[in-house]
Amino acid sequence: MFRPAFDGQKCSLGFQVVDWIEAYACHGPGDVQGDPITFDDETMDFIVAAYELDKETGRRKKSKVVYSAPKGRAKSETAGLIAVAEALGPVRFDGWDANGQPVGRPVRSPFIRALATEEKQSGNTFQNVAFVLGEWGQDSHPDVYGGIKGIGDYRSAQNIYLPGGGECRSSSAGAASKDGGKETFLVPDEIHLYVLPELRSMYATAMRNLGKRKLADPWALLTTTACRLGEQSVWEVLEKQWRRGELGDEWLVHHREAKGKIDINDKPRTIRQLLDVYGPAMHPVSGWMDPERVYADMLDPTICPDVQTAARYYLNRSMAGSDAWIAADVVERQTRSRDVPLSEPITVGFDGSLNDDSTVIRGCCLSDGYRFTLGMWEKPDGAAGAGWEVPRSEVMASLREVLRTRTVARAYMDPHEWRSDVDALAEEFGDEVVIPWATSRDTQMGYALDRLHSDMVKGVTFHDGDKRASAHYGNAYVRHKGKLRLVRKEYPNSPRKIDTVPTDALAYEARADALAAGWTAIAEPTIVFPWR
């Protein structure tokens, strides 16, 4: 049974792993190649967290670990050093010592795989593994690294065979099939680059293999820098799940990104953000990254062609490209939470679907343009979405409830695929309230979107921060048609939804029209008709 040696100590083999690496490994290729390792506090804390154990059984608590940090933070080198330990070091639980501390042992016949993005390229992580196991290790610590074969030139190594059985392998998407692998440790490196279907498939296959060796307590270490939103990289999918709290307990995500507004023209602010994101890597004495040099690179258009690129690489903030319909920080900045009483005058936007895109009902307060969700139906992911259809009767019941119980000045509803239903609502609640408003009219839609976009950027309208709605904003890209700025998905038939954006534009346009027609933000006495 675990007994902590100090207050707050994690039950972890990470302390022993750190000691082993610092004693028997070195820095990989680069300016400090071959120099001794001394982990900074942040990296040490990460390794300790990654090797956390169950206090009773000693089994690993985390089987999927993400190391997300900006460019130059030595993510690949750290992953490579951990891979070296996984090949030969005391990385699996072997009981408790007399003080109640966990004791480690090497993995029996380890199979370590590092995933690379290109054919015939070992990748940064595997180069570090090959250098330590081969060129450096067999000279510096032959007692540890003797008998290792297959390395040759570390820069082009693909397969390394360990004494006593086991191997380290570099694989790319071009390698035939990863099925049949029995990995004990997997490194999907730079997963923000796993954009192409073959790379995502490589990742999925290798991750599935981890379940084949239960006794070996296998795990994966994913490294990444911030992604370009809209590319559907592996990290984009995982990051969204993590932010929504949807990843399971088997996941550990270590993520550092800039806080607050990003304005790279504000040098003092940006330097402070860099120092925070890079942490010990920019320490004035022991750090290896120069904040002034990094800041100059962020401003260099040949290195960072736009603010989004600079933010992704150096501030580790995932962002859409310059073709995003609206910046993610604007959406976040304009988030508020407040109650909307039933008596408060509102307008309503509705954009319906049948079985693919989201069906959304959003309200908009006449007083301040505050937008909030009244109903949303989305196709479930995976097998649960097969054959799924929008529950039309449920949607109609929600619309009727809104129109019956709330003070609705106008409801703009896209009639596409819902024309008869919209007509029925107009007949029931009045055609001066329920108004068909086709989002396919590019000119009118362009003006409505422009009004919403401009007021969000100016900071005069807020929304409720519904995570699904915010995701839709993040998925929206500009479709130019003459001078109009319409919205589109990142590619046709993308599963990433944007339906809240046009729905909000309808509700916000309805508000402008209602105010122009004489409505006020104060509820007036109304007659309640019991048959409604």
# chains A, B, ... in the order shown; residues from 1 in each chain; ligands from 1
>>> residues_around(residues="stretch 216-232 of chain A", least_positions_apart="5", cutoff="7 Å", atoms="only C-alpha atoms", output="tab-separated table (two decimals) with N, CA, C and O atoms, in the first residue's frame")
chain	number	residue	atom	x	y	z
A	60	ARG	N	-1.17	1.62	-13.86
A	60	ARG	CA	-1.17	2.99	-14.38
A	60	ARG	C	-2.58	3.57	-14.32
A	60	ARG	O	-3.56	2.88	-14.61
A	63	SER	N	-3.68	6.06	-19.40
A	63	SER	CA	-3.21	5.29	-20.55
A	63	SER	C	-3.11	6.14	-21.81
A	63	SER	O	-2.57	5.68	-22.82
A	64	LYS	N	-3.63	7.37	-21.75
A	64	LYS	CA	-3.56	8.28	-22.90
A	64	LYS	C	-3.17	9.66	-22.37
A	64	LYS	O	-3.93	10.28	-21.62
A	65	VAL	N	-2.00	10.12	-22.78
A	65	VAL	CA	-1.43	11.35	-22.23
A	65	VAL	C	-1.11	12.31	-23.36
A	65	VAL	O	-0.51	11.91	-24.37
A	66	VAL	N	-1.50	13.57	-23.21
A	66	VAL	CA	-1.23	14.60	-24.21
A	66	VAL	C	-0.27	15.62	-23.63
A	66	VAL	O	-0.47	16.12	-22.51
A	67	TYR	N	0.78	15.92	-24.41
A	67	TYR	CA	1.72	16.98	-24.05
A	67	TYR	C	1.58	18.08	-25.09
A	67	TYR	O	2.09	17.96	-26.20
A	68	SER	N	0.86	19.14	-24.75
A	68	SER	CA	0.59	20.25	-25.67
A	68	SER	C	1.34	21.48	-25.21
A	68	SER	O	1.10	21.99	-24.11
A	69	ALA	N	2.24	21.98	-26.05
A	69	ALA	CA	3.07	23.13	-25.69
A	69	ALA	C	3.52	23.81	-26.97
A	69	ALA	O	3.45	23.23	-28.06
A	70	PRO	N	4.01	25.06	-26.89
A	70	PRO	CA	4.38	25.80	-28.10
A	70	PRO	C	5.63	25.25	-28.77
A	70	PRO	O	6.37	24.44	-28.19
A	71	LYS	N	5.88	25.73	-29.96
A	71	LYS	CA	7.03	25.31	-30.75
A	71	LYS	C	8.32	25.61	-29.98
A	71	LYS	O	8.49	26.69	-29.44
A	75	LYS	N	9.11	19.15	-26.81
A	75	LYS	CA	8.11	18.09	-26.64
A	75	LYS	C	8.61	16.76	-27.21
A	75	LYS	O	8.51	15.72	-26.57
A	76	SER	N	9.14	16.81	-28.45
A	76	SER	CA	9.58	15.58	-29.11
A	76	SER	C	10.78	14.98	-28.40
A	76	SER	O	10.89	13.75	-28.28
A	107	VAL	N	9.88	-3.14	-18.79
A	107	VAL	CA	8.82	-3.86	-19.49
A	107	VAL	C	9.40	-5.12	-20.09
A	107	VAL	O	10.51	-5.12	-20.64
A	183	GLU	N	1.79	-2.79	-29.16
A	183	GLU	CA	2.57	-1.73	-28.57
A	183	GLU	C	2.45	-1.71	-27.04
A	183	GLU	O	1.37	-1.89	-26.49
A	184	THR	N	3.58	-1.48	-26.39
A	184	THR	CA	3.57	-1.21	-24.96
A	184	THR	C	3.69	0.29	-24.70
A	184	THR	O	3.33	0.76	-23.63
A	185	PHE	N	4.22	1.01	-25.69
A	185	PHE	CA	4.33	2.47	-25.60
A	185	PHE	C	4.24	3.04	-27.00
A	185	PHE	O	4.93	2.57	-27.91
A	186	LEU	N	3.36	4.02	-27.17
A	186	LEU	CA	3.10	4.60	-28.49
A	186	LEU	C	3.27	6.11	-28.41
A	186	LEU	O	2.78	6.74	-27.47
A	187	VAL	N	3.96	6.68	-29.40
A	187	VAL	CA	4.12	8.13	-29.47
A	187	VAL	C	3.57	8.64	-30.80
A	187	VAL	O	4.26	8.64	-31.82
A	188	PRO	N	2.31	9.07	-30.83
A	188	PRO	CA	1.82	9.83	-31.99
A	188	PRO	C	2.35	11.26	-31.87
A	188	PRO	O	1.87	12.04	-31.06
A	189	ASP	N	3.37	11.58	-32.66
A	189	ASP	CA	4.08	12.85	-32.53
A	189	ASP	C	3.45	13.92	-33.39
A	189	ASP	O	3.09	13.66	-34.54
A	190	GLU	N	3.30	15.13	-32.84
A	190	GLU	CA	2.79	16.30	-33.57
A	190	GLU	C	1.41	16.02	-34.17
A	190	GLU	O	1.19	16.16	-35.38
A	191	ILE	N	0.46	15.67	-33.33
A	191	ILE	CA	-0.85	15.25	-33.83
A	191	ILE	C	-1.67	16.40	-34.43
A	191	ILE	O	-2.71	16.15	-35.04
A	192	HIS	N	-1.22	17.64	-34.27
A	192	HIS	CA	-1.90	18.74	-34.97
A	192	HIS	C	-1.68	18.65	-36.47
A	192	HIS	O	-2.39	19.30	-37.24
A	195	VAL	N	-3.86	15.47	-40.33
A	195	VAL	CA	-5.01	16.07	-41.00
A	195	VAL	C	-5.55	15.15	-42.09
A	195	VAL	O	-6.76	14.97	-42.24
A	210	LEU	N	-3.23	-0.67	-28.54
A	210	LEU	CA	-2.80	-0.57	-27.15
A	210	LEU	C	-3.55	-1.51	-26.22
A	210	LEU	O	-3.07	-1.83	-25.14
A	237	VAL	N	-9.91	17.49	-32.72
A	237	VAL	CA	-11.01	16.68	-32.19
A	237	VAL	C	-10.83	16.46	-30.69
A	237	VAL	O	-11.76	16.64	-29.90
A	312	ARG	N	-0.77	30.20	-33.09
A	312	ARG	CA	-0.74	28.74	-33.00
A	312	ARG	C	0.64	28.23	-32.60
A	312	ARG	O	0.77	27.41	-31.70
A	313	TYR	N	1.66	28.69	-33.29
A	313	TYR	CA	2.99	28.13	-33.06
A	313	TYR	C	3.64	28.61	-31.77
A	313	TYR	O	4.30	27.83	-31.09
A	316	ASN	N	0.56	28.84	-28.59
A	316	ASN	CA	-0.14	27.56	-28.43
A	316	ASN	C	-1.64	27.73	-28.30
A	316	ASN	O	-2.30	27.02	-27.54
A	317	ARG	N	-2.21	28.65	-29.05
A	317	ARG	CA	-3.66	28.88	-29.08
A	317	ARG	C	-4.19	28.37	-30.41
A	317	ARG	O	-3.86	28.89	-31.47
A	318	SER	N	-5.01	27.34	-30.37
A	318	SER	CA	-5.62	26.83	-31.59
A	318	SER	C	-6.55	27.89	-32.17
A	318	SER	O	-7.40	28.43	-31.45
A	319	MET	N	-6.39	28.18	-33.46
A	319	MET	CA	-7.18	29.23	-34.08
A	319	MET	C	-7.50	28.83	-35.51
A	319	MET	O	-6.79	28.05	-36.14
A	320	ALA	N	-8.58	29.37	-35.99
A	320	ALA	CA	-8.89	29.20	-37.40
A	320	ALA	C	-7.95	30.07	-38.22
A	320	ALA	O	-7.29	30.98	-37.70
A	321	GLY	N	-7.87	29.79	-39.50
A	321	GLY	CA	-7.05	30.62	-40.37
A	321	GLY	C	-7.69	31.97	-40.58
A	321	GLY	O	-8.74	32.30	-40.02
A	475	ASN	N	-16.54	26.76	-36.23
A	475	ASN	CA	-16.52	25.96	-37.46
A	475	ASN	C	-16.86	26.78	-38.70
A	475	ASN	O	-16.80	26.25	-39.82
A	490	GLU	N	-15.89	24.25	-43.56
A	490	GLU	CA	-14.53	24.26	-44.10
A	490	GLU	C	-14.43	23.49	-45.41
A	490	GLU	O	-13.58	23.75	-46.25
>>> select_by_dssp(residues="stretch 353-424 of chain A", states="alpha helix (DSSP H)", output="PyMOL selection string")
chain A and resi 392-405+419-424
>>> write_last_selection(atoms="all heavy atoms", output="compact mmCIF listing (two decimals), in the first residue's frame")
# COMPACT_ATOMS: atom_id res chain seq x y z
N ARG A 392 -39.00 15.76 -35.26
CA ARG A 392 -39.78 16.90 -35.71
C ARG A 392 -40.87 17.29 -34.71
O ARG A 392 -41.08 18.48 -34.44
CB ARG A 392 -40.41 16.60 -37.08
CG ARG A 392 -41.15 17.78 -37.70
CD ARG A 392 -41.81 17.36 -39.02
NE ARG A 392 -40.83 17.09 -40.05
CZ ARG A 392 -40.38 18.00 -40.92
NH1 ARG A 392 -40.82 19.24 -40.85
NH2 ARG A 392 -39.50 17.67 -41.84
N SER A 393 -41.55 16.32 -34.16
CA SER A 393 -42.64 16.65 -33.22
C SER A 393 -42.09 17.33 -31.97
O SER A 393 -42.72 18.24 -31.42
CB SER A 393 -43.40 15.38 -32.83
OG SER A 393 -42.55 14.44 -32.22
N GLU A 394 -40.90 16.91 -31.53
CA GLU A 394 -40.27 17.53 -30.37
C GLU A 394 -39.87 18.97 -30.67
O GLU A 394 -40.02 19.87 -29.84
CB GLU A 394 -39.06 16.70 -29.95
CG GLU A 394 -38.37 17.19 -28.70
CD GLU A 394 -37.18 16.32 -28.33
OE1 GLU A 394 -37.26 15.09 -28.56
OE2 GLU A 394 -36.17 16.87 -27.84
N VAL A 395 -39.33 19.19 -31.87
CA VAL A 395 -38.94 20.54 -32.27
C VAL A 395 -40.17 21.45 -32.33
O VAL A 395 -40.15 22.58 -31.82
CB VAL A 395 -38.23 20.52 -33.64
CG1 VAL A 395 -37.97 21.94 -34.14
CG2 VAL A 395 -36.94 19.73 -33.56
N MET A 396 -41.23 20.95 -32.94
CA MET A 396 -42.45 21.75 -33.05
C MET A 396 -43.05 22.05 -31.67
O MET A 396 -43.55 23.16 -31.42
CB MET A 396 -43.47 21.03 -33.93
CG MET A 396 -43.07 20.97 -35.40
SD MET A 396 -42.92 22.61 -36.15
CE MET A 396 -44.65 23.13 -36.14
N ALA A 397 -43.00 21.07 -30.78
CA ALA A 397 -43.50 21.30 -29.42
C ALA A 397 -42.68 22.40 -28.74
O ALA A 397 -43.24 23.26 -28.02
CB ALA A 397 -43.44 20.01 -28.62
N SER A 398 -41.37 22.41 -28.96
CA SER A 398 -40.51 23.44 -28.35
C SER A 398 -40.82 24.81 -28.93
O SER A 398 -40.88 25.81 -28.19
CB SER A 398 -39.04 23.08 -28.58
OG SER A 398 -38.69 21.90 -27.89
N LEU A 399 -41.00 24.88 -30.25
CA LEU A 399 -41.34 26.15 -30.88
C LEU A 399 -42.67 26.69 -30.34
O LEU A 399 -42.80 27.88 -30.03
CB LEU A 399 -41.39 25.99 -32.39
CG LEU A 399 -40.04 25.91 -33.11
CD1 LEU A 399 -40.23 25.48 -34.56
CD2 LEU A 399 -39.33 27.26 -33.05
N ARG A 400 -43.64 25.81 -30.23
CA ARG A 400 -44.95 26.24 -29.71
C ARG A 400 -44.82 26.71 -28.26
O ARG A 400 -45.46 27.69 -27.86
CB ARG A 400 -45.96 25.10 -29.83
CG ARG A 400 -46.45 24.86 -31.25
CD ARG A 400 -47.63 23.89 -31.28
NE ARG A 400 -48.25 23.89 -32.60
CZ ARG A 400 -47.91 23.06 -33.59
NH1 ARG A 400 -46.97 22.13 -33.39
NH2 ARG A 400 -48.53 23.15 -34.76
N GLU A 401 -44.03 26.01 -27.47
CA GLU A 401 -43.83 26.40 -26.08
C GLU A 401 -43.21 27.80 -26.00
O GLU A 401 -43.63 28.63 -25.18
CB GLU A 401 -42.93 25.38 -25.38
CG GLU A 401 -42.64 25.68 -23.92
CD GLU A 401 -43.84 25.44 -23.01
OE1 GLU A 401 -44.86 24.86 -23.49
OE2 GLU A 401 -43.77 25.84 -21.84
N VAL A 402 -42.23 28.05 -26.84
CA VAL A 402 -41.59 29.37 -26.85
C VAL A 402 -42.59 30.45 -27.24
O VAL A 402 -42.72 31.50 -26.58
CB VAL A 402 -40.38 29.38 -27.81
CG1 VAL A 402 -39.87 30.80 -28.04
CG2 VAL A 402 -39.26 28.50 -27.26
N LEU A 403 -43.33 30.22 -28.31
CA LEU A 403 -44.27 31.22 -28.80
C LEU A 403 -45.45 31.42 -27.86
O LEU A 403 -46.03 32.51 -27.79
CB LEU A 403 -44.77 30.81 -30.19
CG LEU A 403 -43.71 30.85 -31.30
CD1 LEU A 403 -44.20 30.11 -32.54
CD2 LEU A 403 -43.35 32.29 -31.66
N ARG A 404 -45.78 30.37 -27.12
CA ARG A 404 -46.93 30.45 -26.21
C ARG A 404 -46.56 31.14 -24.90
O ARG A 404 -47.37 31.89 -24.34
CB ARG A 404 -47.45 29.04 -25.92
CG ARG A 404 -48.69 29.00 -25.01
CD ARG A 404 -49.10 27.57 -24.68
NE ARG A 404 -49.40 26.80 -25.87
CZ ARG A 404 -48.68 25.76 -26.30
NH1 ARG A 404 -47.61 25.37 -25.63
NH2 ARG A 404 -49.03 25.11 -27.38
N THR A 405 -45.38 30.88 -24.39
CA THR A 405 -45.04 31.32 -23.03
C THR A 405 -44.18 32.57 -22.98
O THR A 405 -44.13 33.25 -21.94
CB THR A 405 -44.33 30.19 -22.27
OG1 THR A 405 -43.11 29.85 -22.94
CG2 THR A 405 -45.23 28.96 -22.18
N ARG A 419 -41.35 24.06 -44.47
CA ARG A 419 -42.27 25.09 -44.97
C ARG A 419 -43.68 24.92 -44.41
O ARG A 419 -44.30 25.88 -43.93
CB ARG A 419 -42.29 25.08 -46.50
CG ARG A 419 -42.96 26.29 -47.11
CD ARG A 419 -42.72 26.33 -48.61
NE ARG A 419 -41.29 26.36 -48.93
CZ ARG A 419 -40.56 27.46 -48.94
NH1 ARG A 419 -41.11 28.62 -48.61
NH2 ARG A 419 -39.28 27.40 -49.26
N SER A 420 -44.21 23.71 -44.46
CA SER A 420 -45.57 23.50 -43.96
C SER A 420 -45.66 23.75 -42.46
O SER A 420 -46.66 24.29 -41.96
CB SER A 420 -46.04 22.08 -44.27
OG SER A 420 -46.11 21.87 -45.67
N ASP A 421 -44.61 23.39 -41.74
CA ASP A 421 -44.60 23.59 -40.29
C ASP A 421 -44.55 25.08 -39.95
O ASP A 421 -45.23 25.55 -39.03
CB ASP A 421 -43.40 22.88 -39.68
CG ASP A 421 -43.42 21.38 -39.95
OD1 ASP A 421 -44.23 20.69 -39.33
OD2 ASP A 421 -42.63 20.92 -40.78
N VAL A 422 -43.74 25.82 -40.69
CA VAL A 422 -43.65 27.27 -40.46
C VAL A 422 -44.99 27.93 -40.78
O VAL A 422 -45.46 28.81 -40.04
CB VAL A 422 -42.50 27.88 -41.28
CG1 VAL A 422 -42.53 29.41 -41.20
CG2 VAL A 422 -41.16 27.35 -40.80
N ASP A 423 -45.61 27.48 -41.86
CA ASP A 423 -46.93 28.04 -42.23
C ASP A 423 -47.95 27.75 -41.13
O ASP A 423 -48.78 28.61 -40.80
CB ASP A 423 -47.40 27.44 -43.55
CG ASP A 423 -46.62 27.97 -44.74
OD1 ASP A 423 -45.90 28.99 -44.58
OD2 ASP A 423 -46.71 27.37 -45.83
N ALA A 424 -47.91 26.55 -40.57
CA ALA A 424 -48.85 26.19 -39.50
C ALA A 424 -48.63 27.06 -38.27
O ALA A 424 -49.59 27.50 -37.63
CB ALA A 424 -48.69 24.71 -39.15
>>> closest_residue(among="A:Glu389, A:Asp357, A:Asp41, A:Asp513", to="A:Phe15", atoms="only C-alpha atoms")
A:Asp41
>>> select_by_dssp(residues="stretch 303-513 of chain A", states="strand (DSSP E)", output="VMD selection string")
chain A and resid 319 to 320 346 to 351 359 to 365 371 to 377 408 to 414 434 to 436 477 to 481 484 to 488
>>> residues_around(residues="A:His27", least_positions_apart="3", cutoff="7 Å", atoms="only C-alpha atoms", output="list in words")
Val32, Gln33, Gly34, Asp35, Pro36 and Ile37 of chain A
>>> residues_around(residues="A:Asp381", least_positions_apart="3", cutoff="12 Å", atoms="only C-alpha atoms", output="number ranges by chain")
A: 356, 378, 384-388, 495-496
>>> write_last_selection(atoms="N, CA and C atoms", output="short mmCIF file (atom, residue, chain, number, x, y, z; two decimals), in the first residue's frame")
data_model
loop_
_atom_site.label_atom_id
_atom_site.label_comp_id
_atom_site.auth_asym_id
_atom_site.auth_seq_id
_atom_site.Cartn_x
_atom_site.Cartn_y
_atom_site.Cartn_z
N ASP A 356 -29.27 15.67 -40.86
CA ASP A 356 -27.81 15.84 -40.92
C ASP A 356 -27.36 17.06 -40.12
N GLU A 378 -28.86 17.77 -32.47
CA GLU A 378 -27.72 17.45 -33.32
C GLU A 378 -27.60 15.94 -33.49
N ALA A 384 -24.25 5.74 -33.16
CA ALA A 384 -25.53 6.24 -32.65
C ALA A 384 -26.22 7.16 -33.65
N GLY A 385 -25.46 7.71 -34.60
CA GLY A 385 -26.04 8.62 -35.57
C GLY A 385 -26.59 7.94 -36.81
N ALA A 386 -26.36 6.63 -36.95
CA ALA A 386 -26.84 5.91 -38.12
C ALA A 386 -28.37 5.91 -38.16
N GLY A 387 -28.93 6.44 -39.23
CA GLY A 387 -30.38 6.47 -39.39
C GLY A 387 -31.09 7.50 -38.54
N TRP A 388 -30.34 8.36 -37.86
CA TRP A 388 -30.94 9.36 -36.98
C TRP A 388 -31.70 10.41 -37.77
N PRO A 495 -18.80 17.19 -41.35
CA PRO A 495 -19.69 16.87 -40.23
C PRO A 495 -19.70 17.96 -39.17
N ARG A 496 -18.82 18.95 -39.27
CA ARG A 496 -18.73 20.03 -38.29
C ARG A 496 -19.82 21.06 -38.57
#
>>> residues_around(residues="A:Met282", least_positions_apart="4", cutoff="12 Å", atoms="only C-alpha atoms", output="list in words")
Asp40, Pro70, Gly72, Arg73, Ile271, Arg272, Gln273, Leu274, Leu275, Asp276, Val277, Tyr278, Ser286, Gly287, Trp288, Met289, Asp290, Pro291, Glu292, Arg293 and Val294 of chain A
>>> atom_distance(atom1="atom CA of A:Ile112", atom2="atom CA of A:Thr78")
14.9 Å
>>> closest_residue(among="A:Gln444, A:Ala116, A:Lys379, A:Glu236", to="A:Glu198", atoms="only C-alpha atoms")
A:Ala116
>>> residues_around(residues="A:Pro415", least_positions_apart="3", cutoff="12 Å", atoms="only C-alpha atoms", output="PyMOL selection string")
chain A and resi 349-353+411-412+418-426+434-441
>>> residues_around(residues="A:Val487", least_positions_apart="5", cutoff="7 Å", atoms="only C-alpha atoms", output="MDAnalysis selection string")
chainID A and resid 325 476:479
>>> closest_residue(among="A:Phe131, A:Phe46, A:Trp377, A:Phe462", to="A:Lys497", atoms="only C-alpha atoms")
A:Trp377
>>> closest_residue(among="A:Asp368, A:Asp323, A:Asp431, A:Glu246", to="A:Arg488", atoms="only C-alpha atoms")
A:Asp323
>>> atom_distance(atom1="atom CA of A:Gly166", atom2="atom CA of A:Trp251")
26.1 Å
>>> closest_residue(among="A:Ser358, A:Gln16, A:Gln9, A:Asn159", to="A:Lys55", atoms="only C-alpha atoms")
A:Gln9
>>> atom_distance(atom1="atom CA of A:Ala173", atom2="atom CA of A:Ile160")
19.0 Å
>>> closest_atom_pairs(of="stretch 235-352 of chain A", to="stretch 465-472 of chain A", cutoff="8 Å", atoms="only C-alpha atoms", output="CSV")
residue,atom,partner,partner_atom,distance
A:Arg244,CA,A:Lys467,CA,7.3
A:Val331,CA,A:Ser470,CA,7.0
A:Glu332,CA,A:Gly465,CA,7.5
A:Thr335,CA,A:Gly465,CA,5.1
A:Arg336,CA,A:Gly465,CA,6.7
A:Ser337,CA,A:Gly465,CA,7.5
